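Participant: Have a peek at entry_3.cif (mmCIF, C-alpha atoms and all ligand atoms; chains and numbers go by the auth columns).
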data_input
#
loop_
_atom_site.group_PDB
_atom_site.id
_atom_site.type_symbol
_atom_site.label_atom_id
_atom_site.label_comp_id
_atom_site.label_asym_id
_atom_site.label_seq_id
_atom_site.Cartn_x
_atom_site.Cartn_y
_atom_site.Cartn_z
_atom_site.B_iso_or_equiv
_atom_site.auth_seq_id
_atom_site.auth_asym_id
ATOM 1 C CA MET A 1 0.000 0.000 0.000 0.00 1 A
ATOM 2 C CA HIS A 2 1.337 3.364 -0.985 0.00 2 A
ATOM 3 C CA ILE A 3 1.164 6.137 1.605 0.00 3 A
ATOM 4 C CA HIS A 4 1.899 9.594 0.392 0.00 4 A
ATOM 5 C CA LYS A 5 5.045 11.140 1.855 0.00 5 A
ATOM 6 C CA TYR A 6 3.241 14.028 3.605 0.00 6 A
ATOM 7 C CA GLU A 7 0.626 11.696 4.988 0.00 7 A
ATOM 8 C CA ARG A 8 3.367 9.520 6.437 0.00 8 A
ATOM 9 C CA ILE A 9 5.011 12.554 8.041 0.00 9 A
ATOM 10 C CA TRP A 10 1.730 13.585 9.681 0.00 10 A
ATOM 11 C CA LEU A 11 1.051 10.028 10.856 0.00 11 A
ATOM 12 C CA VAL A 12 4.478 9.810 12.478 0.00 12 A
ATOM 13 C CA LEU A 13 4.110 13.291 13.984 0.00 13 A
ATOM 14 C CA GLY A 14 0.633 12.451 15.320 0.00 14 A
ATOM 15 C CA GLY A 15 1.936 9.202 16.795 0.00 15 A
ATOM 16 C CA MET A 16 4.831 10.985 18.471 0.00 16 A
ATOM 17 C CA ILE A 17 2.547 13.620 20.003 0.00 17 A
ATOM 18 C CA LEU A 18 0.238 10.872 21.298 0.00 18 A
ATOM 19 C CA VAL A 19 3.168 9.029 22.893 0.00 19 A
ATOM 20 C CA ALA A 20 4.467 12.302 24.407 0.00 20 A
ATOM 21 C CA PHE A 21 1.052 13.071 25.944 0.00 21 A
ATOM 22 C CA LEU A 22 0.737 9.543 27.352 0.00 22 A
ATOM 23 C CA LEU A 23 4.232 9.812 28.866 0.00 23 A
ATOM 24 C CA ILE A 24 3.390 13.191 30.474 0.00 24 A
ATOM 25 C CA LEU A 25 0.058 11.873 31.781 0.00 25 A
ATOM 26 C CA GLY A 26 1.660 8.647 32.994 0.00 26 A
ATOM 27 C CA SER A 27 4.519 10.402 34.790 0.00 27 A
ATOM 28 C CA TYR A 28 2.092 12.766 36.558 0.00 28 A
ATOM 29 C CA ALA A 29 -0.170 9.880 37.569 0.00 29 A
ATOM 30 C CA PHE A 30 2.430 7.309 38.623 0.00 30 A
ATOM 31 C CA ILE A 31 5.566 9.299 39.521 0.00 31 A
ATOM 32 C CA VAL A 32 4.280 12.680 40.785 0.00 32 A
ATOM 33 C CA GLY A 33 1.115 11.056 42.149 0.00 33 A
ATOM 34 C CA THR A 34 -1.318 13.684 40.873 0.00 34 A
ATOM 35 C CA THR A 35 -4.962 12.719 41.353 0.00 35 A
ATOM 36 C CA PRO A 36 -8.254 14.446 40.565 0.00 36 A
ATOM 37 C CA PRO A 37 -8.960 17.309 43.007 0.00 37 A
ATOM 38 C CA SER A 38 -10.802 15.315 45.604 0.00 38 A
ATOM 39 C CA HIS A 39 -9.647 13.942 48.897 0.00 39 A
ATOM 40 C CA LEU A 40 -10.428 10.366 47.953 0.00 40 A
ATOM 41 C CA GLU A 41 -12.741 10.280 50.911 0.00 41 A
ATOM 42 C CA THR A 42 -15.835 8.173 50.433 0.00 42 A
ATOM 43 C CA VAL A 43 -19.148 7.776 52.196 0.00 43 A
ATOM 44 C CA ASP A 44 -22.198 5.636 51.423 0.00 44 A
ATOM 45 C CA ALA A 45 -24.581 7.974 49.560 0.00 45 A
ATOM 46 C CA GLN A 46 -27.583 5.802 50.501 0.00 46 A
ATOM 47 C CA THR A 47 -27.039 6.274 54.232 0.00 47 A
ATOM 48 C CA VAL A 48 -25.196 9.603 54.301 0.00 48 A
ATOM 49 C CA ARG A 49 -28.135 11.446 55.914 0.00 49 A
ATOM 50 C CA THR A 50 -27.773 9.238 58.989 0.00 50 A
ATOM 51 C CA THR A 51 -23.960 9.035 58.930 0.00 51 A
ATOM 52 C CA PRO A 52 -21.978 11.436 61.157 0.00 52 A
ATOM 53 C CA PRO A 53 -21.095 14.213 60.620 0.00 53 A
ATOM 54 C CA PHE A 54 -23.610 14.558 57.756 0.00 54 A
ATOM 55 C CA ASP A 55 -26.549 13.535 59.955 0.00 55 A
ATOM 56 C CA LYS A 56 -26.260 17.013 61.514 0.00 56 A
ATOM 57 C CA PRO A 57 -25.327 19.506 58.791 0.00 57 A
ATOM 58 C CA GLY A 58 -24.382 22.882 60.220 0.00 58 A
ATOM 59 C CA LEU A 59 -21.721 25.381 61.088 0.00 59 A
ATOM 60 C CA TYR A 60 -19.485 24.329 63.984 0.00 60 A
ATOM 61 C CA LYS A 61 -16.885 26.424 65.766 0.00 61 A
ATOM 62 C CA VAL A 62 -13.608 24.510 65.899 0.00 62 A
ATOM 63 C CA GLY A 63 -11.179 27.235 67.003 0.00 63 A
ATOM 64 C CA PRO A 64 -10.632 30.988 67.342 0.00 64 A
ATOM 65 C CA ASN A 65 -12.568 32.395 64.354 0.00 65 A
ATOM 66 C CA GLU A 66 -12.372 29.000 62.727 0.00 66 A
ATOM 67 C CA TYR A 67 -15.371 26.960 61.679 0.00 67 A
ATOM 68 C CA GLU A 68 -16.298 23.696 60.091 0.00 68 A
ATOM 69 C CA ALA A 69 -19.239 23.824 57.682 0.00 69 A
ATOM 70 C CA VAL A 70 -20.716 20.359 57.366 0.00 70 A
ATOM 71 C CA MET A 71 -22.922 20.573 54.299 0.00 71 A
ATOM 72 C CA LEU A 72 -25.183 18.476 52.130 0.00 72 A
ATOM 73 C CA GLY A 73 -26.146 19.494 48.615 0.00 73 A
ATOM 74 C CA PHE A 74 -29.312 17.786 47.441 0.00 74 A
ATOM 75 C CA THR A 75 -32.158 18.161 44.943 0.00 75 A
ATOM 76 C CA PHE A 76 -32.779 21.089 45.322 0.00 76 A
ATOM 77 C CA GLY A 77 -31.036 22.901 48.096 0.00 77 A
ATOM 78 C CA PHE A 78 -28.216 23.003 50.588 0.00 78 A
ATOM 79 C CA ALA A 79 -28.181 22.157 54.266 0.00 79 A
ATOM 80 C CA PRO A 80 -27.477 24.381 56.096 0.00 80 A
ATOM 81 C CA ASN A 81 -29.146 26.992 54.004 0.00 81 A
ATOM 82 C CA LYS A 82 -27.955 30.096 55.847 0.00 82 A
ATOM 83 C CA MET A 83 -24.726 30.647 57.744 0.00 83 A
ATOM 84 C CA THR A 84 -23.337 33.703 59.483 0.00 84 A
ATOM 85 C CA ILE A 85 -19.680 34.100 60.346 0.00 85 A
ATOM 86 C CA PRO A 86 -17.473 36.911 61.678 0.00 86 A
ATOM 87 C CA LEU A 87 -15.101 38.802 59.413 0.00 87 A
ATOM 88 C CA GLY A 88 -11.841 36.978 58.813 0.00 88 A
ATOM 89 C CA ALA A 89 -13.288 33.595 59.715 0.00 89 A
ATOM 90 C CA THR A 90 -11.667 30.516 58.260 0.00 90 A
ATOM 91 C CA VAL A 91 -14.221 27.956 57.183 0.00 91 A
ATOM 92 C CA HIS A 92 -13.420 24.324 56.485 0.00 92 A
ATOM 93 C CA PHE A 93 -16.114 23.089 54.133 0.00 93 A
ATOM 94 C CA LEU A 94 -16.951 19.411 54.263 0.00 94 A
ATOM 95 C CA VAL A 95 -19.557 18.561 51.652 0.00 95 A
ATOM 96 C CA THR A 96 -21.259 15.654 49.955 0.00 96 A
ATOM 97 C CA THR A 97 -24.560 14.776 48.310 0.00 97 A
ATOM 98 C CA PRO A 98 -27.079 12.007 48.956 0.00 98 A
ATOM 99 C CA ASP A 99 -28.544 11.972 45.438 0.00 99 A
ATOM 100 C CA VAL A 100 -27.088 13.224 42.155 0.00 100 A
ATOM 101 C CA VAL A 101 -24.068 15.246 41.029 0.00 101 A
ATOM 102 C CA HIS A 102 -24.202 18.871 42.153 0.00 102 A
ATOM 103 C CA GLY A 103 -21.743 21.725 42.350 0.00 103 A
ATOM 104 C CA LEU A 104 -20.844 24.126 45.113 0.00 104 A
ATOM 105 C CA TYR A 105 -19.608 27.433 43.845 0.00 105 A
ATOM 106 C CA ILE A 106 -19.190 30.720 45.689 0.00 106 A
ATOM 107 C CA PRO A 107 -18.599 33.593 43.244 0.00 107 A
ATOM 108 C CA ASN A 108 -15.652 35.913 43.998 0.00 108 A
ATOM 109 C CA THR A 109 -13.856 33.216 45.985 0.00 109 A
ATOM 110 C CA ASN A 110 -11.769 30.193 45.021 0.00 110 A
ATOM 111 C CA ILE A 111 -14.494 27.861 46.265 0.00 111 A
ATOM 112 C CA ASN A 112 -15.591 25.640 43.412 0.00 112 A
ATOM 113 C CA MET A 113 -16.364 22.019 44.194 0.00 113 A
ATOM 114 C CA MET A 114 -18.089 19.084 42.601 0.00 114 A
ATOM 115 C CA LEU A 115 -20.422 17.121 44.817 0.00 115 A
ATOM 116 C CA VAL A 116 -20.422 13.520 43.672 0.00 116 A
ATOM 117 C CA PRO A 117 -22.587 10.900 45.420 0.00 117 A
ATOM 118 C CA GLY A 118 -20.397 8.671 47.558 0.00 118 A
ATOM 119 C CA HIS A 119 -17.553 11.199 47.773 0.00 119 A
ATOM 120 C CA VAL A 120 -16.700 13.806 50.395 0.00 120 A
ATOM 121 C CA ASN A 121 -15.197 17.061 49.229 0.00 121 A
ATOM 122 C CA ARG A 122 -13.262 19.492 51.412 0.00 122 A
ATOM 123 C CA PHE A 123 -12.117 23.061 50.933 0.00 123 A
ATOM 124 C CA THR A 124 -10.834 25.726 53.299 0.00 124 A
ATOM 125 C CA HIS A 125 -11.392 29.431 52.777 0.00 125 A
ATOM 126 C CA THR A 126 -10.826 32.570 54.837 0.00 126 A
ATOM 127 C CA PHE A 127 -13.506 35.219 54.376 0.00 127 A
ATOM 128 C CA ASP A 128 -11.660 38.554 54.434 0.00 128 A
ATOM 129 C CA LYS A 129 -14.411 40.726 52.995 0.00 129 A
ATOM 130 C CA PRO A 130 -17.749 41.375 54.683 0.00 130 A
ATOM 131 C CA GLY A 131 -21.007 40.848 52.844 0.00 131 A
ATOM 132 C CA GLU A 132 -23.438 38.230 51.726 0.00 132 A
ATOM 133 C CA TYR A 133 -21.973 35.400 49.684 0.00 133 A
ATOM 134 C CA LEU A 134 -24.127 33.219 47.479 0.00 134 A
ATOM 135 C CA ILE A 135 -23.517 29.484 47.450 0.00 135 A
ATOM 136 C CA LEU A 136 -24.646 28.170 44.076 0.00 136 A
ATOM 137 C CA CYS A 137 -25.070 24.797 42.465 0.00 137 A
ATOM 138 C CA HIS A 138 -23.280 25.110 39.148 0.00 138 A
ATOM 139 C CA GLU A 139 -23.918 21.634 37.803 0.00 139 A
ATOM 140 C CA TYR A 140 -27.265 21.000 36.131 0.00 140 A
ATOM 141 C CA CYS A 141 -29.036 18.573 38.459 0.00 141 A
ATOM 142 C CA GLY A 142 -32.670 18.613 37.435 0.00 142 A
ATOM 143 C CA ILE A 143 -35.810 20.695 37.236 0.00 143 A
ATOM 144 C CA GLY A 144 -35.050 22.765 40.354 0.00 144 A
ATOM 145 C CA HIS A 145 -31.369 23.377 39.628 0.00 145 A
ATOM 146 C CA GLN A 146 -31.704 27.156 39.364 0.00 146 A
ATOM 147 C CA ALA A 147 -33.351 27.277 42.804 0.00 147 A
ATOM 148 C CA MET A 148 -30.492 25.468 44.504 0.00 148 A
ATOM 149 C CA PHE A 149 -28.600 28.022 46.558 0.00 149 A
ATOM 150 C CA ALA A 150 -27.662 29.042 50.079 0.00 150 A
ATOM 151 C CA THR A 151 -25.993 32.050 51.651 0.00 151 A
ATOM 152 C CA ILE A 152 -23.094 32.867 53.920 0.00 152 A
ATOM 153 C CA THR A 153 -23.198 36.221 55.627 0.00 153 A
ATOM 154 C CA VAL A 154 -19.841 37.603 56.707 0.00 154 A
ATOM 155 C CA ASN A 155 -20.291 40.180 59.463 0.00 155 A
ATOM 156 C CA ASP A 156 -18.191 43.312 59.263 0.00 156 A
ATOM 157 C CA LYS A 157 -16.945 42.874 62.843 0.00 157 A
ATOM 158 C CA LYS A 158 -14.140 40.638 63.922 0.00 158 A
ATOM 159 C CA THR A 159 -14.714 38.414 66.929 0.00 159 A
ATOM 160 C CA ALA A 160 -12.323 36.139 68.709 0.00 160 A
HETATM 161 CU CU1 LIG B . -27.793 20.972 42.222 0.00 1 B
HETATM 162 CU CU2 LIG B . -27.753 22.045 40.114 0.00 1 B
#
Let me see the structure of the file written as structure tokens.
Facilitator:
Amino acid sequence: MHIHKYERIWLVLGGMILVAFLLILGSYAFIVGTTPPSHLETVDAQTVRTTPPFDKPGLYKVGPNEYEAVMLGFTFGFAPNKMTIPLGATVHFLVTTPDVVHGLYIPNTNINMMLVPGHVNRFTHTFDKPGEYLILCHEYCGIGHQAMFATITVNDKKTA
């Protein structure tokens, strides 16, 4: 079979690029140990509503101006739905979902998580600006997706 010279060049080039990408991907996965941005923490989605700490979603004080937000994202809302924290508070988010894939996104922050059934996602953020922050689901999850939100109010006063 005759393959045109230019075609052969492109085939070889394409093959080389493919091998290069696989080598890069492989070295990151097996040598550097890069994994998807989750904490590889799992929970049974069927029983998560009765499994601690997700049986009692809420905002818990864990230190001086430091909180843990145990949250559930579900069709169609978040628990807890409203949180209030002092200015400068550091919040450790700990989130999962009992049903389908959702998102947890807070505009104007770096908080952007996927909520996947069976997986626990964590993120820590320090709220340095006062105001009301919207917590949005940014992954289409069904008929009530656009109504899935919660709020965090950051007071303009620091407390210990
Ligand atoms: Cu939950 Cu969209």
Participant: What residues come out when you apply the PyMOL selection byres (((chain A and resi 85) around 6) and not hetatm) to this file, written as a PyMOL selection string?
Facilitator: chain A and resi 84+86+154
Participant: Hey, which residues sit close to ligand LIG 1 (chain B)? Say within 12 Å, counting only C-alpha atoms and all ligand atoms, and write them as a PDB file with C-alpha atoms, in the coordinates of the input.
Facilitator:
ATOM      1  CA  LEU A  72     -25.183  18.476  52.130  1.00  0.00           C
ATOM      2  CA  GLY A  73     -26.146  19.494  48.615  1.00  0.00           C
ATOM      3  CA  PHE A  74     -29.312  17.786  47.441  1.00  0.00           C
ATOM      4  CA  THR A  75     -32.158  18.161  44.943  1.00  0.00           C
ATOM      5  CA  PHE A  76     -32.779  21.089  45.322  1.00  0.00           C
ATOM      6  CA  GLY A  77     -31.036  22.901  48.096  1.00  0.00           C
ATOM      7  CA  PHE A  78     -28.216  23.003  50.588  1.00  0.00           C
ATOM      8  CA  THR A  96     -21.259  15.654  49.955  1.00  0.00           C
ATOM      9  CA  THR A  97     -24.560  14.776  48.310  1.00  0.00           C
ATOM     10  CA  PRO A  98     -27.079  12.007  48.956  1.00  0.00           C
ATOM     11  CA  ASP A  99     -28.544  11.972  45.438  1.00  0.00           C
ATOM     12  CA  VAL A 100     -27.088  13.224  42.155  1.00  0.00           C
ATOM     13  CA  VAL A 101     -24.068  15.246  41.029  1.00  0.00           C
ATOM     14  CA  HIS A 102     -24.202  18.871  42.153  1.00  0.00           C
ATOM     15  CA  GLY A 103     -21.743  21.725  42.350  1.00  0.00           C
ATOM     16  CA  LEU A 104     -20.844  24.126  45.113  1.00  0.00           C
ATOM     17  CA  TYR A 105     -19.608  27.433  43.845  1.00  0.00           C
ATOM     18  CA  MET A 113     -16.364  22.019  44.194  1.00  0.00           C
ATOM     19  CA  MET A 114     -18.089  19.084  42.601  1.00  0.00           C
ATOM     20  CA  LEU A 115     -20.422  17.121  44.817  1.00  0.00           C
ATOM     21  CA  VAL A 116     -20.422  13.520  43.672  1.00  0.00           C
ATOM     22  CA  PRO A 117     -22.587  10.900  45.420  1.00  0.00           C
ATOM     23  CA  ILE A 135     -23.517  29.484  47.450  1.00  0.00           C
ATOM     24  CA  LEU A 136     -24.646  28.170  44.076  1.00  0.00           C
ATOM     25  CA  CYS A 137     -25.070  24.797  42.465  1.00  0.00           C
ATOM     26  CA  HIS A 138     -23.280  25.110  39.148  1.00  0.00           C
ATOM     27  CA  GLU A 139     -23.918  21.634  37.803  1.00  0.00           C
ATOM     28  CA  TYR A 140     -27.265  21.000  36.131  1.00  0.00           C
ATOM     29  CA  CYS A 141     -29.036  18.573  38.459  1.00  0.00           C
ATOM     30  CA  GLY A 142     -32.670  18.613  37.435  1.00  0.00           C
ATOM     31  CA  ILE A 143     -35.810  20.695  37.236  1.00  0.00           C
ATOM     32  CA  GLY A 144     -35.050  22.765  40.354  1.00  0.00           C
ATOM     33  CA  HIS A 145     -31.369  23.377  39.628  1.00  0.00           C
ATOM     34  CA  GLN A 146     -31.704  27.156  39.364  1.00  0.00           C
ATOM     35  CA  ALA A 147     -33.351  27.277  42.804  1.00  0.00           C
ATOM     36  CA  MET A 148     -30.492  25.468  44.504  1.00  0.00           C
ATOM     37  CA  PHE A 149     -28.600  28.022  46.558  1.00  0.00           C
ATOM     38  CA  ALA A 150     -27.662  29.042  50.079  1.00  0.00           C
TER      39      ALA A 150
END
Participant: Find the residues with any atom within 6 Å of (-12.3, 25.9, 53.6); use only C-alpha atoms and the coordinates as given in the file, and write the answer as a tab-separated table (two decimals) with C-alpha atoms, in the frame of the given file.
Facilitator:
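Heads up, here's the output in selection.tsv:
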chain	number	residue	atom	x	y	z
A	91	VAL	CA	-14.22	27.96	57.18
A	92	HIS	CA	-13.42	24.32	56.48
A	93	PHE	CA	-16.11	23.09	54.13
A	123	PHE	CA	-12.12	23.06	50.93
A	124	THR	CA	-10.83	25.73	53.30
A	125	HIS	CA	-11.39	29.43	52.78
Participant: Running the PyMOL selection byres (((chain A and resi 109) around 10) and not hetatm) on this model by hand, what would come out? Give it as a ChimeraX atom specification.
Facilitator: /A:105-108,110-112,125-127,133
Participant: Given the file above and the PyMOL selection byres (((chain A and resi 129) around 8) and not hetatm), which residues are selected, and can you give them as an MDAnalysis selection string?
Facilitator: chainID A and resid 87:88 127:128 130:131 154 156
Participant: Please rebuild region 104-124 of chain A with N, CA and C atoms and return the result as an mmCIF file, in the frame of the given file.
Facilitator:
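Result written to rebuild_37.cif:
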data_model
loop_
_atom_site.group_PDB
_atom_site.id
_atom_site.type_symbol
_atom_site.label_atom_id
_atom_site.label_comp_id
_atom_site.auth_asym_id
_atom_site.auth_seq_id
_atom_site.Cartn_x
_atom_site.Cartn_y
_atom_site.Cartn_z
ATOM 1 N N LEU A 104 -20.788 23.117 44.052
ATOM 2 C CA LEU A 104 -20.844 24.126 45.113
ATOM 3 C C LEU A 104 -19.855 25.213 44.734
ATOM 4 N N TYR A 105 -20.430 26.351 44.363
ATOM 5 C CA TYR A 105 -19.608 27.433 43.845
ATOM 6 C C TYR A 105 -19.967 28.717 44.594
ATOM 7 N N ILE A 106 -18.951 29.427 45.059
ATOM 8 C CA ILE A 106 -19.190 30.720 45.689
ATOM 9 C C ILE A 106 -18.478 31.779 44.855
ATOM 10 N N PRO A 107 -19.221 32.576 44.092
ATOM 11 C CA PRO A 107 -18.599 33.593 43.244
ATOM 12 C C PRO A 107 -17.689 34.524 44.042
ATOM 13 N N ASN A 108 -16.650 35.006 43.412
ATOM 14 C CA ASN A 108 -15.652 35.913 43.998
ATOM 15 C C ASN A 108 -14.788 35.267 45.078
ATOM 16 N N THR A 109 -14.780 33.940 45.113
ATOM 17 C CA THR A 109 -13.856 33.216 45.985
ATOM 18 C C THR A 109 -13.234 32.104 45.135
ATOM 19 N N ASN A 110 -12.343 31.341 45.726
ATOM 20 C CA ASN A 110 -11.769 30.193 45.021
ATOM 21 C C ASN A 110 -12.565 28.923 45.266
ATOM 22 N N ILE A 111 -13.726 29.058 45.915
ATOM 23 C CA ILE A 111 -14.494 27.861 46.265
ATOM 24 C C ILE A 111 -15.300 27.381 45.066
ATOM 25 N N ASN A 112 -14.948 26.208 44.589
ATOM 26 C CA ASN A 112 -15.591 25.640 43.412
ATOM 27 C C ASN A 112 -15.420 24.130 43.500
ATOM 28 N N MET A 113 -16.477 23.464 43.948
ATOM 29 C CA MET A 113 -16.364 22.019 44.194
ATOM 30 C C MET A 113 -17.409 21.253 43.404
ATOM 31 N N MET A 114 -17.104 20.003 43.152
ATOM 32 C CA MET A 114 -18.089 19.084 42.601
ATOM 33 C C MET A 114 -18.570 18.218 43.755
ATOM 34 N N LEU A 115 -19.881 18.013 43.804
ATOM 35 C CA LEU A 115 -20.422 17.121 44.817
ATOM 36 C C LEU A 115 -20.878 15.852 44.101
ATOM 37 N N VAL A 116 -20.151 14.784 44.347
ATOM 38 C CA VAL A 116 -20.422 13.520 43.672
ATOM 39 C C VAL A 116 -20.930 12.524 44.711
ATOM 40 N N PRO A 117 -22.065 11.860 44.444
ATOM 41 C CA PRO A 117 -22.587 10.900 45.420
ATOM 42 C C PRO A 117 -21.515 9.880 45.807
ATOM 43 N N GLY A 118 -21.375 9.650 47.094
ATOM 44 C CA GLY A 118 -20.397 8.671 47.558
ATOM 45 C C GLY A 118 -19.038 9.265 47.867
ATOM 46 N N HIS A 119 -18.845 10.561 47.530
ATOM 47 C CA HIS A 119 -17.553 11.199 47.773
ATOM 48 C C HIS A 119 -17.706 12.429 48.657
ATOM 49 N N VAL A 120 -16.709 12.643 49.521
ATOM 50 C CA VAL A 120 -16.700 13.806 50.395
ATOM 51 C C VAL A 120 -15.687 14.789 49.833
ATOM 52 N N ASN A 121 -16.099 16.043 49.732
ATOM 53 C CA ASN A 121 -15.197 17.061 49.229
ATOM 54 C C ASN A 121 -14.907 18.074 50.330
ATOM 55 N N ARG A 122 -13.660 18.524 50.385
ATOM 56 C CA ARG A 122 -13.262 19.492 51.412
ATOM 57 C C ARG A 122 -12.604 20.694 50.766
ATOM 58 N N PHE A 123 -12.804 21.860 51.391
ATOM 59 C CA PHE A 123 -12.117 23.061 50.933
ATOM 60 C C PHE A 123 -12.080 24.047 52.093
ATOM 61 N N THR A 124 -10.966 24.752 52.221
ATOM 62 C CA THR A 124 -10.834 25.726 53.299
ATOM 63 C C THR A 124 -10.710 27.119 52.697
#
